[in-house]
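Colleague: First, the structure itself, so that you have it in front of you.
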Amino acid sequence: MNRALTLDDLVLAGIALAAGLVLAFLSRTVLRWLAKHAKRTKWSGDDVIVDTLRSVVPWAAIVGGLASAAAVLPLTHTVQHHTNQLLQVWLIFVVTLSAARVVAGLVRSVTQSRSGVAGSATIFVNITRVLVLAIGFLVVLQTLGISIAPLLTALGVGGLAVALALQDTLANLFAGIHILASKTVQPGDYIRLSSGEEGYVVDINWRQTTVRQLSNNLVVIPNGELAKSNMTNFTRPEQQLTILLQVGVSYDSDLDHVERVTHEVIAETMTEITGAVPDHEPAIRFHTFGDSRIGFTVILGVGEFSDQYRIKHEFIKRLHRRYREEGIRIPAPTRTVALQQGAVVIPQQRSEEDVVSGSPGSPLTD
């Protein structure tokens, strides 16, 4: 010590430490009040910022109180220097962790707002978190007086060897960044690959893309394979899509009456079933003179990919019931079968169901 420790030194140090603790308590109370107001806003970024400040500001107040207390005590130059270094490292550590959390939270908020439901592109979140932590680590080394130039040089030389050893991992990393940057696929999209896998994109991280199938199973696809495969994205350029249903009626049907009844069933289905798009203009297009029916296509609008199954289910049930009430016949496919008995060929008109099953009493089972 430069001089003897006195009671006044202890009192002043105690006052400085107590002031830091009181300031930490008050700042935490104020930030808790701000957090309640931030939750009322639509933007989730202010929640992340206020929550991070609740961790940084109280610790900064405590570190300030400790630094003030150390300054008034009669410490030697060496002890004072090491004490200040320790407090600086502590404060940098707290700020770095908080900054990594707030930056990662903001990136997650932005990716979720742009990607749709159930979206979290953790590849960007992890990259930003690692970058902030690395910068904080370098600042700590510089504060402790450790030169970071040799470390950066060693990292540059060793990075080449690491890149050669981790070619597949780095390929998946940059493929994932390219996929997200080009907005080809975003979390929440429904995709189908040429290899047959399909489902909702749950997450794209540094190595792989996770896809949740409609059966609730998860399919894990390396980013490099996803970038190279042919893919259909049912959510881009917009989430709403159209579906085609094939219907057929008998040749003796009044097609104007069929079209009018079908339009009524479509209007009923579109307004009552969840997932349908009532504003979408439906279409009915007759297109084929078939073997036993006149075929036409019904074009419906659905909100998103998985809604089509429920809408098809309800539409077919309602259309079948309404056709029966209106006397509109949906004929079964028929086929002419020629059976040879001895030297005589007997042509017979048979339904396709009888031909397949060979019903008892028919010439096929005789």
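Ordering of the structure tokens sets the chain letters (A, B, ...), residue numbers begin anew at 1 in every chain, and ligands are numbered from 1 in the order given.
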Report the residues of stretch 190-263 of chain A whose backbone DSSP state falls under helix (DSSP H, G or I), written as a ChimeraX atom specification.
Modeller: /A:223-228,255-263
Colleague: Find the residue from A:Leu170, A:Val107, A:Thr96, A:Ile311 that sits nearest to A:Leu138; use only C-alpha atoms when measuring.
Modeller: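 Using only C-alpha atoms, A:Leu138 sits closest to A:Thr96.
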Colleague: At a cut-off of 8 Å, using only C-alpha atoms, what residues contact A:Thr209? Leave out same-chain residues fewer than 5 positions from it and give the result as a PyMOL selection string.
Modeller: chain A and resi 176+201-204+220-223+226
Colleague: Identify, on the basis of only C-alpha atoms, every residue whose closest approach to A:Leu53 does not exceed 8 Å; exclude the query and any residue fewer than 3 positions from it along the same chain; express the result as a ChimeraX atom specification.
Modeller: /A:31,49-50,56-57,98
Colleague: Hey, what's within 7 Å of stretch 289-299 of chain A if we count only C-alpha atoms and toss same-chain stuff fewer than 6 positions away? As a list of chain:residue names, please?
Modeller: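 Neighbouring residues, sequence-local ones excluded: A:Thr242, A:Ile243, A:Leu244, A:Leu245, A:Gln246, A:Val247, A:Gly248, A:Val249, A:Ser250, A:Tyr251, A:Pro282, A:Ala283, A:Pro331, A:Pro333, A:Thr334.
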Colleague: Any chance you could list, as a ChimeraX atom specification, the residues in stretch 103-333 of chain A that come up strand (DSSP E or B) when DSSP is run on the backbone?
Modeller: /A:190-193,198-204,208-212,218-222,231-233,241-249,276,283-289,294-302
Colleague: Only C-alpha atoms, please: the residues just picked out, written as a PDB file, in the first residue's frame.
Modeller:
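For reference, again13.pdb as written:
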ATOM      1  CA  TYR A 190     -43.868 -26.676 -48.205  1.00  0.00           C
ATOM      2  CA  ILE A 191     -41.464 -28.330 -50.649  1.00  0.00           C
ATOM      3  CA  ARG A 192     -41.254 -31.529 -52.676  1.00  0.00           C
ATOM      4  CA  LEU A 193     -37.924 -32.899 -53.903  1.00  0.00           C
ATOM      5  CA  GLU A 198     -41.839 -33.533 -49.158  1.00  0.00           C
ATOM      6  CA  GLY A 199     -43.061 -31.531 -46.187  1.00  0.00           C
ATOM      7  CA  TYR A 200     -42.772 -28.244 -44.308  1.00  0.00           C
ATOM      8  CA  VAL A 201     -39.305 -26.763 -43.855  1.00  0.00           C
ATOM      9  CA  VAL A 202     -38.836 -26.522 -40.100  1.00  0.00           C
ATOM     10  CA  ASP A 203     -35.291 -25.228 -39.884  1.00  0.00           C
ATOM     11  CA  ILE A 204     -32.168 -24.562 -41.950  1.00  0.00           C
ATOM     12  CA  GLN A 208     -28.772 -29.567 -42.763  1.00  0.00           C
ATOM     13  CA  THR A 209     -32.372 -28.702 -43.522  1.00  0.00           C
ATOM     14  CA  THR A 210     -35.100 -30.302 -41.441  1.00  0.00           C
ATOM     15  CA  VAL A 211     -38.409 -31.058 -43.157  1.00  0.00           C
ATOM     16  CA  ARG A 212     -41.558 -32.124 -41.285  1.00  0.00           C
ATOM     17  CA  LEU A 218     -38.820 -35.382 -39.656  1.00  0.00           C
ATOM     18  CA  VAL A 219     -36.641 -35.721 -42.754  1.00  0.00           C
ATOM     19  CA  VAL A 220     -33.073 -34.413 -42.463  1.00  0.00           C
ATOM     20  CA  ILE A 221     -31.527 -33.283 -45.777  1.00  0.00           C
ATOM     21  CA  PRO A 222     -27.929 -32.009 -46.110  1.00  0.00           C
ATOM     22  CA  MET A 231     -37.474 -29.047 -56.064  1.00  0.00           C
ATOM     23  CA  THR A 232     -41.032 -27.734 -56.159  1.00  0.00           C
ATOM     24  CA  ASN A 233     -41.882 -25.043 -53.622  1.00  0.00           C
ATOM     25  CA  LEU A 241     -52.567 -22.288 -54.664  1.00  0.00           C
ATOM     26  CA  THR A 242     -55.116 -23.933 -56.948  1.00  0.00           C
ATOM     27  CA  ILE A 243     -56.040 -27.614 -57.058  1.00  0.00           C
ATOM     28  CA  LEU A 244     -57.595 -29.605 -59.918  1.00  0.00           C
ATOM     29  CA  LEU A 245     -60.293 -32.257 -59.417  1.00  0.00           C
ATOM     30  CA  GLN A 246     -61.387 -34.545 -62.263  1.00  0.00           C
ATOM     31  CA  VAL A 247     -65.134 -35.299 -62.503  1.00  0.00           C
ATOM     32  CA  GLY A 248     -67.244 -37.088 -65.118  1.00  0.00           C
ATOM     33  CA  VAL A 249     -70.997 -37.319 -65.867  1.00  0.00           C
ATOM     34  CA  ALA A 276     -60.686 -22.569 -48.574  1.00  0.00           C
ATOM     35  CA  ALA A 283     -63.618 -22.688 -62.804  1.00  0.00           C
ATOM     36  CA  ILE A 284     -65.326 -25.661 -64.453  1.00  0.00           C
ATOM     37  CA  ARG A 285     -63.923 -26.814 -67.778  1.00  0.00           C
ATOM     38  CA  PHE A 286     -65.384 -29.668 -69.857  1.00  0.00           C
ATOM     39  CA  HIS A 287     -62.585 -31.285 -71.840  1.00  0.00           C
ATOM     40  CA  THR A 288     -63.066 -34.956 -72.749  1.00  0.00           C
ATOM     41  CA  PHE A 289     -65.542 -37.248 -74.464  1.00  0.00           C
ATOM     42  CA  ILE A 294     -67.976 -36.534 -70.344  1.00  0.00           C
ATOM     43  CA  GLY A 295     -65.015 -35.445 -68.277  1.00  0.00           C
ATOM     44  CA  PHE A 296     -64.454 -32.000 -66.798  1.00  0.00           C
ATOM     45  CA  THR A 297     -62.050 -30.345 -64.389  1.00  0.00           C
ATOM     46  CA  VAL A 298     -62.984 -28.346 -61.286  1.00  0.00           C
ATOM     47  CA  ILE A 299     -60.402 -25.723 -60.252  1.00  0.00           C
ATOM     48  CA  LEU A 300     -60.506 -24.622 -56.593  1.00  0.00           C
ATOM     49  CA  GLY A 301     -58.422 -22.235 -54.498  1.00  0.00           C
ATOM     50  CA  VAL A 302     -56.910 -23.297 -51.158  1.00  0.00           C
TER      51      VAL A 302
END
Colleague: So how far away is atom CA of A:Ile266 from atom CA of A:Asp252, in Å?
Modeller: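 Computed distance, atom CA of A:Asp252 to atom CA of A:Ile266, equals 22.7 Å.
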Colleague: Taking 6 positions as the minimum chain separation for residues in the same chain, which residues sit within 8 Å of stretch 14-25 of chain A when counting only C-alpha atoms? Answer as a list in words.
Modeller: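 Contacts, in chain order: Val57, Pro58, Trp59, Ala60, Ala61, Ile62, Val63, Gly64, Gly65, Leu66, Ser68 and Ala69 of chain A.
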Colleague: What gap, in Å, lies between atom CA of A:Phe305 and atom CA of A:Trp206?
Modeller: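 Atom CA of A:Phe305 sits 27.1 Å away from atom CA of A:Trp206.
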